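Next up, coords_23.pdb (PDB, C-alpha atoms):
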```
ATOM      1  CA  MET A   1      16.692  -7.665 -11.012
ATOM      2  CA  ASP A   2      17.305  -5.147 -13.757
ATOM      3  CA  ILE A   3      14.770  -3.395 -15.960
ATOM      4  CA  GLU A   4      15.767  -5.488 -18.989
ATOM      5  CA  LYS A   5      14.720  -8.590 -17.079
ATOM      6  CA  VAL A   6      11.415  -6.927 -16.187
ATOM      7  CA  ASN A   7      10.799  -5.996 -19.827
ATOM      8  CA  SER A   8      11.516  -9.561 -20.986
ATOM      9  CA  MET A   9       9.157 -11.293 -18.529
ATOM     10  CA  ASP A  10       6.286 -13.236 -20.026
ATOM     11  CA  PHE A  11       2.776 -12.484 -18.806
ATOM     12  CA  GLY A  12       2.689 -15.143 -16.066
ATOM     13  CA  GLU A  13       6.096 -14.283 -14.665
ATOM     14  CA  PHE A  14       5.331 -10.544 -14.613
ATOM     15  CA  VAL A  15       2.045 -11.110 -12.785
ATOM     16  CA  ASP A  16       3.700 -13.546 -10.345
ATOM     17  CA  VAL A  17       6.434 -11.037  -9.516
ATOM     18  CA  PHE A  18       4.459  -7.772  -9.549
ATOM     19  CA  GLY A  19       0.920  -8.920  -8.780
ATOM     20  CA  SER A  20       1.179  -8.025  -5.091
ATOM     21  CA  VAL A  21       2.791  -4.609  -5.464
ATOM     22  CA  THR A  22      -0.574  -2.961  -4.842
ATOM     23  CA  GLU A  23      -2.147  -4.831  -1.929
ATOM     24  CA  ARG A  24      -4.526  -7.553  -3.145
ATOM     25  CA  CYS A  25      -4.990  -5.877  -6.526
ATOM     26  CA  PRO A  26      -3.411  -8.356  -8.937
ATOM     27  CA  LEU A  27      -5.322  -6.920 -11.906
ATOM     28  CA  ILE A  28      -3.032  -3.883 -11.903
ATOM     29  CA  ALA A  29       0.087  -5.844 -12.884
ATOM     30  CA  PRO A  30      -1.315  -7.142 -16.202
ATOM     31  CA  ALA A  31      -2.449  -3.642 -17.136
ATOM     32  CA  VAL A  32       0.978  -2.253 -16.309
ATOM     33  CA  ARG A  33       2.738  -5.024 -18.236
ATOM     34  CA  SER A  34       0.904  -3.977 -21.382
ATOM     35  CA  GLN A  35       2.765  -0.652 -21.207
ATOM     36  CA  ARG A  36       6.241  -2.199 -21.698
ATOM     37  CA  PRO A  37       9.013  -1.446 -22.288
ATOM     38  CA  PHE A  38       9.928   0.444 -19.132
ATOM     39  CA  SER A  39      13.016   2.628 -19.151
ATOM     40  CA  ASP A  40      13.785   2.286 -15.433
ATOM     41  CA  LEU A  41      12.267   1.786 -11.973
ATOM     42  CA  GLU A  42      10.736   5.258 -11.977
ATOM     43  CA  ASP A  43       9.021   4.577 -15.291
ATOM     44  CA  LEU A  44       7.627   1.284 -13.952
ATOM     45  CA  GLU A  45       6.406   3.085 -10.807
ATOM     46  CA  GLN A  46       4.695   5.751 -12.869
ATOM     47  CA  HIS A  47       2.752   3.120 -14.790
ATOM     48  CA  PHE A  48       1.523   1.547 -11.537
ATOM     49  CA  PHE A  49       0.545   4.977 -10.217
ATOM     50  CA  ALA A  50      -1.107   6.047 -13.469
ATOM     51  CA  PHE A  51      -3.368   2.992 -13.410
ATOM     52  CA  THR A  52      -4.704   3.855  -9.955
ATOM     53  CA  ASP A  53      -4.926   7.570 -10.761
ATOM     54  CA  ALA A  54      -7.031   6.813 -13.854
ATOM     55  CA  LEU A  55      -9.622   4.839 -11.884
ATOM     56  CA  PRO A  56     -12.894   6.549 -11.011
ATOM     57  CA  GLN A  57     -13.272   7.466  -7.346
ATOM     58  CA  SER A  58     -15.142   4.217  -6.621
ATOM     59  CA  GLY A  59     -12.238   2.234  -8.079
ATOM     60  CA  GLN A  60      -9.692   4.187  -6.050
ATOM     61  CA  GLU A  61     -11.713   3.554  -2.917
ATOM     62  CA  GLY A  62     -11.801  -0.114  -3.892
ATOM     63  CA  VAL A  63      -7.999  -0.218  -4.054
ATOM     64  CA  LEU A  64      -7.911   1.253  -0.549
ATOM     65  CA  ARG A  65     -10.501  -1.214   0.793
ATOM     66  CA  TRP A  66      -8.157  -4.094   0.008
ATOM     67  CA  HIS A  67      -5.536  -2.751   2.409
ATOM     68  CA  PRO A  68      -5.550  -4.304   5.863
ATOM     69  CA  ASP A  69      -6.010  -2.301   9.043
ATOM     70  CA  LEU A  70      -2.712  -1.458  10.703
ATOM     71  CA  ALA A  71      -2.242  -3.719  13.721
ATOM     72  CA  GLY A  72      -5.681  -5.112  12.951
ATOM     73  CA  ARG A  73      -7.473  -8.418  13.005
ATOM     74  CA  GLU A  74      -5.645  -9.818   9.955
ATOM     75  CA  LEU A  75      -2.288  -9.243  11.647
ATOM     76  CA  GLN A  76      -3.500 -10.998  14.795
ATOM     77  CA  ARG A  77      -4.836 -13.953  12.780
ATOM     78  CA  GLY A  78      -1.741 -14.254  10.581
ATOM     79  CA  GLU A  79      -3.778 -13.456   7.445
ATOM     80  CA  LEU A  80      -1.679 -10.609   6.030
ATOM     81  CA  SER A  81       0.103 -10.831   2.704
ATOM     82  CA  ALA A  82       3.814 -11.541   3.119
ATOM     83  CA  GLU A  83       4.556  -7.929   2.151
ATOM     84  CA  SER A  84       2.128  -6.457   4.691
ATOM     85  CA  GLN A  85       3.419  -8.799   7.388
ATOM     86  CA  ARG A  86       6.995  -7.560   6.822
ATOM     87  CA  GLU A  87       5.891  -3.921   6.724
ATOM     88  CA  GLN A  88       3.769  -4.090   9.863
ATOM     89  CA  SER A  89       6.442  -6.065  11.677
ATOM     90  CA  ALA A  90       9.076  -3.464  10.758
ATOM     91  CA  ALA A  91       6.766  -0.774  12.178
ATOM     92  CA  GLY A  92       6.511  -2.641  15.495
ATOM     93  CA  HIS A  93       2.880  -3.667  15.113
ATOM     94  CA  THR A  94       3.570  -7.328  15.858
ATOM     95  CA  SER A  95       4.722  -6.523  19.390
ATOM     96  CA  LEU A  96       1.784  -4.478  20.661
ATOM     97  CA  GLY A  97       0.230  -5.199  24.020
ATOM     98  CA  ALA A  98      -3.457  -6.057  24.390
ATOM     99  CA  ALA A  99      -4.479  -2.565  25.538
ATOM    100  CA  GLU A 100      -2.661  -0.899  22.653
ATOM    101  CA  ARG A 101      -4.209  -3.328  20.135
ATOM    102  CA  LEU A 102      -7.698  -2.581  21.515
ATOM    103  CA  TRP A 103      -7.103   1.191  21.346
ATOM    104  CA  LEU A 104      -5.844   0.924  17.742
ATOM    105  CA  ALA A 105      -8.835  -1.263  16.845
ATOM    106  CA  GLU A 106     -11.118   1.528  18.075
ATOM    107  CA  LEU A 107      -9.212   4.090  16.003
ATOM    108  CA  ASN A 108      -9.374   1.765  12.974
ATOM    109  CA  ALA A 109     -13.150   1.464  13.374
ATOM    110  CA  GLN A 110     -13.596   5.239  13.716
ATOM    111  CA  TYR A 111     -11.510   5.887  10.642
ATOM    112  CA  ARG A 112     -13.243   3.220   8.538
ATOM    113  CA  ALA A 113     -16.683   4.510   9.597
ATOM    114  CA  ARG A 114     -15.757   8.025   8.487
ATOM    115  CA  SER A 115     -13.849   7.250   5.285
ATOM    116  CA  GLY A 116     -15.330   3.943   4.110
ATOM    117  CA  PHE A 117     -11.900   2.323   3.762
ATOM    118  CA  PRO A 118      -9.040   1.233   6.044
ATOM    119  CA  PHE A 119      -6.408   3.681   7.220
ATOM    120  CA  ALA A 120      -3.542   3.487   4.725
ATOM    121  CA  LEU A 121      -0.078   4.446   5.904
ATOM    122  CA  ALA A 122       3.337   3.351   4.689
ATOM    123  CA  ALA A 123       4.069   1.447   7.905
ATOM    124  CA  ARG A 124       7.745   0.830   7.122
ATOM    125  CA  LEU A 125       8.276   4.574   6.953
ATOM    126  CA  SER A 126       6.521   5.321  10.246
ATOM    127  CA  ASP A 127       7.335   4.432  13.789
ATOM    128  CA  ARG A 128       4.715   2.834  15.997
ATOM    129  CA  ALA A 129       4.005   6.053  17.902
ATOM    130  CA  ALA A 130       3.332   8.040  14.715
ATOM    131  CA  VAL A 131       0.501   5.782  13.546
ATOM    132  CA  PRO A 132      -2.193   6.807  16.075
ATOM    133  CA  ARG A 133      -1.210  10.486  15.818
ATOM    134  CA  GLU A 134      -1.480  10.437  12.035
ATOM    135  CA  ARG A 135      -4.741   8.509  12.110
ATOM    136  CA  ALA A 136      -6.242  10.973  14.623
ATOM    137  CA  ARG A 137      -5.135  13.913  12.467
ATOM    138  CA  ARG A 138      -6.552  12.404   9.300
ATOM    139  CA  LEU A 139      -9.909  11.611  10.915
ATOM    140  CA  HIS A 140     -10.676  15.329  10.628
ATOM    141  CA  CYS A 141      -9.670  15.818   6.989
ATOM    142  CA  PRO A 142     -12.301  16.478   4.329
ATOM    143  CA  PRO A 143     -13.185  13.251   2.450
ATOM    144  CA  ALA A 144     -11.603  14.251  -0.896
ATOM    145  CA  GLN A 145      -8.397  15.303   0.839
ATOM    146  CA  GLU A 146      -8.280  12.050   2.807
ATOM    147  CA  LEU A 147      -8.823   9.973  -0.327
ATOM    148  CA  ASN A 148      -5.829  11.717  -1.933
ATOM    149  CA  THR A 149      -3.728  11.301   1.212
ATOM    150  CA  ALA A 150      -4.560   7.602   1.484
ATOM    151  CA  LEU A 151      -3.768   7.032  -2.209
ATOM    152  CA  GLY A 152      -0.459   8.849  -1.674
ATOM    153  CA  GLU A 153       0.350   6.402   1.120
ATOM    154  CA  VAL A 154      -0.491   3.472  -1.171
ATOM    155  CA  LYS A 155       1.944   4.913  -3.712
ATOM    156  CA  LYS A 156       4.654   5.056  -1.031
ATOM    157  CA  ILE A 157       3.955   1.411  -0.191
ATOM    158  CA  ASP A 158       4.005   0.430  -3.870
ATOM    159  CA  ARG A 159       7.235   2.386  -4.437
ATOM    160  CA  ARG A 160       8.965   0.496  -1.613
ATOM    161  CA  ARG A 161       7.661  -2.851  -2.822
ATOM    162  CA  LEU A 162       8.871  -2.175  -6.372
ATOM    163  CA  ALA A 163      12.262  -1.061  -5.081
ATOM    164  CA  ASP A 164      12.489  -4.259  -3.017
ATOM    165  CA  LEU A 165      11.640  -6.387  -6.056
ATOM    166  CA  LEU A 166      14.167  -4.642  -8.263
ATOM    167  CA  GLY A 167      16.840  -4.622  -5.557
ATOM    168  CA  SER A 168      16.940  -0.838  -5.516
ATOM    169  CA  HIS A 169      17.317   1.295  -2.449
ATOM    170  CA  ALA A 170      15.234   4.131  -3.802
ATOM    171  CA  THR A 171      14.226   6.688  -1.236
ATOM    172  CA  GLU A 172      10.713   7.901  -0.584
ATOM    173  CA  SER A 173       9.466  11.132  -1.980
TER     174      SER A 173
END
```
So, in terms of structure tokens, how does the structure I just supplied come out?
Amino acid sequence: MDIEKVNSMDFGEFVDVFGSVTERCPLIAPAVRSQRPFSDLEDLEQHFFAFTDALPQSGQEGVLRWHPDLAGRELQRGELSAESQREQSAAGHTSLGAAERLWLAELNAQYRARSGFPFALAARLSDRAAVPRERARRLHCPPAQELNTALGEVKKIDRRRLADLLGSHATES
């Protein structure tokens, strides 16, 4: 899909296509649409990012709270969004053994208790072994730093999802 097609989408089509870019935050797509026209994928990305950046801290934390735990209960129950299912599957989270799932559930609970939101990591860009190491490292970060790190991970996820939708093979930055 090219950027001209994106710019010509009516409200419903734009929200249908881009409403799941940011996990379970469909209100972002209508706000972004109002900023048309977009010059290219990077411009579209920047509008998604700017919306989240402009939110107060409570709103940013809310965006993070909608993200599922990695290898968590929603994965086990088949309740992930299609995008999260693909991302967690690509990271190897669908093939974990029972002991590994239990250990990750404990790490998820520790992280959530400390930060107030789920651990956000661009799963498609990380191998299975990196996830617990990164989560353990981030458990010790100051809260403001961790909020910024988690939002940066959400931006990586959003960037990949936008690139997938537009058929681009943009690389991560």
**Request:** Please evaluate the PyMOL selection byres ((chain A and resi 87) around 10) against the displayed coordinates and give the resulting residues as a ChimeraX atom specification.
**Result:** /A:70,81-86,88-93,122-126,157,160-161
**Asked** Could you list as a PyMOL selection string every residue that has an atom within 12 Å of (-3.7, 8.7, -1.0), using the file's coordinates and counting all atoms listed in the file?
**Response** chain A and resi 49+52-53+57+60-61+63-64+117-122+138+143-158
Dump of C-alpha atoms for the selected residues, as a compact mmCIF listing (two decimals), keeping the file's coordinate frame:
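Result went into result-v7.txt, see below:
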```txt
# COMPACT_ATOMS: atom_id res chain seq x y z
CA PHE A 49 0.55 4.98 -10.22
CA THR A 52 -4.70 3.86 -9.96
CA ASP A 53 -4.93 7.57 -10.76
CA GLN A 57 -13.27 7.47 -7.35
CA GLN A 60 -9.69 4.19 -6.05
CA GLU A 61 -11.71 3.55 -2.92
CA VAL A 63 -8.00 -0.22 -4.05
CA LEU A 64 -7.91 1.25 -0.55
CA PHE A 117 -11.90 2.32 3.76
CA PRO A 118 -9.04 1.23 6.04
CA PHE A 119 -6.41 3.68 7.22
CA ALA A 120 -3.54 3.49 4.72
CA LEU A 121 -0.08 4.45 5.90
CA ALA A 122 3.34 3.35 4.69
CA ARG A 138 -6.55 12.40 9.30
CA PRO A 143 -13.18 13.25 2.45
CA ALA A 144 -11.60 14.25 -0.90
CA GLN A 145 -8.40 15.30 0.84
CA GLU A 146 -8.28 12.05 2.81
CA LEU A 147 -8.82 9.97 -0.33
CA ASN A 148 -5.83 11.72 -1.93
CA THR A 149 -3.73 11.30 1.21
CA ALA A 150 -4.56 7.60 1.48
CA LEU A 151 -3.77 7.03 -2.21
CA GLY A 152 -0.46 8.85 -1.67
CA GLU A 153 0.35 6.40 1.12
CA VAL A 154 -0.49 3.47 -1.17
CA LYS A 155 1.94 4.91 -3.71
CA LYS A 156 4.65 5.06 -1.03
CA ILE A 157 3.96 1.41 -0.19
CA ASP A 158 4.00 0.43 -3.87
```
As JSON: centre and edge lengths in Å, one decimal, of the axis-aligned box holding stretch 64-74 of chain A with 4 Å per side:
```
{"center_x": -6.4, "center_y": -4.3, "center_z": 6.6, "size_x": 16.3, "size_y": 19.1, "size_z": 22.3}
```
**Asked** For A:Leu162, which residue among A:Glu45, A:Asp127, A:Glu13, A:Glu74 is the nearest when counting all atoms listed in the file?
**Response**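 When distances to A:Leu162 are compared using all atoms listed in the file, the smallest one comes from A:Glu45.
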**Asked** What is the distance between atom CA of A:Ser39 and atom CA of A:His67, in Å to one decimal?
**Response** 28.9 Å
Taking the file above as input, evaluate the PyMOL selection byres ((chain A and resi 165) around 10) and report the hits as a PDB file with C-alpha atoms, in the coordinates of the input.
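Now in result03.pdb:
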```pdb
ATOM      1  CA  MET A   1      16.692  -7.665 -11.012  1.00  0.00           C
ATOM      2  CA  ASP A   2      17.305  -5.147 -13.757  1.00  0.00           C
ATOM      3  CA  VAL A  17       6.434 -11.037  -9.516  1.00  0.00           C
ATOM      4  CA  PHE A  18       4.459  -7.772  -9.549  1.00  0.00           C
ATOM      5  CA  VAL A  21       2.791  -4.609  -5.464  1.00  0.00           C
ATOM      6  CA  ARG A 159       7.235   2.386  -4.437  1.00  0.00           C
ATOM      7  CA  ARG A 160       8.965   0.496  -1.613  1.00  0.00           C
ATOM      8  CA  ARG A 161       7.661  -2.851  -2.822  1.00  0.00           C
ATOM      9  CA  LEU A 162       8.871  -2.175  -6.372  1.00  0.00           C
ATOM     10  CA  ALA A 163      12.262  -1.061  -5.081  1.00  0.00           C
ATOM     11  CA  ASP A 164      12.489  -4.259  -3.017  1.00  0.00           C
ATOM     12  CA  LEU A 166      14.167  -4.642  -8.263  1.00  0.00           C
ATOM     13  CA  GLY A 167      16.840  -4.622  -5.557  1.00  0.00           C
ATOM     14  CA  SER A 168      16.940  -0.838  -5.516  1.00  0.00           C
TER      15      SER A 168
END
```
**Asked** Contacts of A:Ala31 at 12 Å or less, counting only C-alpha atoms, minus same-chain residues fewer than 5 places along, as a PyMOL selection string?
**Response** chain A and resi 11+14-15+18-19+25-26+36+44+47-52+54
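Put simply, atom CA of A:Ala136 is 11.2 Å away from atom CA of A:Glu106.
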**Asked** Skipping near chain neighbours, those fewer than 5 positions away, what residues fall within 12 Å of A:Leu102 using only C-alpha atoms, listed as an MDAnalysis selection string?
**Response** chainID A and resid 70:73 76 96:97 107:109
**Prompt:** With only C-alpha atoms as the basis for distance, which of A:Ala129, A:Thr94, A:Glu100, A:Ala105 is at the shortest distance from A:Gly78?
**Reply:**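 Using only C-alpha atoms, A:Gly78 sits closest to A:Thr94.
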**Request:** For atom CA of A:Asp16 and atom CA of A:Gly116, determine how far apart the two atoms are, in Å to one decimal place.
**Result:**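 The value is 29.6 Å.
Proximity to A:Glu134 was assessed for A:Leu55, A:Ile28, A:Leu41, A:Leu104 counting only C-alpha atoms; the smallest distance is recorded for A:Leu104.
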**Message:** Show me, as a PyMOL selection string, the residues that have an atom within 9 Å of A:Leu139 when counting all atoms listed in the file, minus same-chain residues fewer than 4 positions from it.
**Reply:** chain A and resi 110-111+114-115+134-135+146
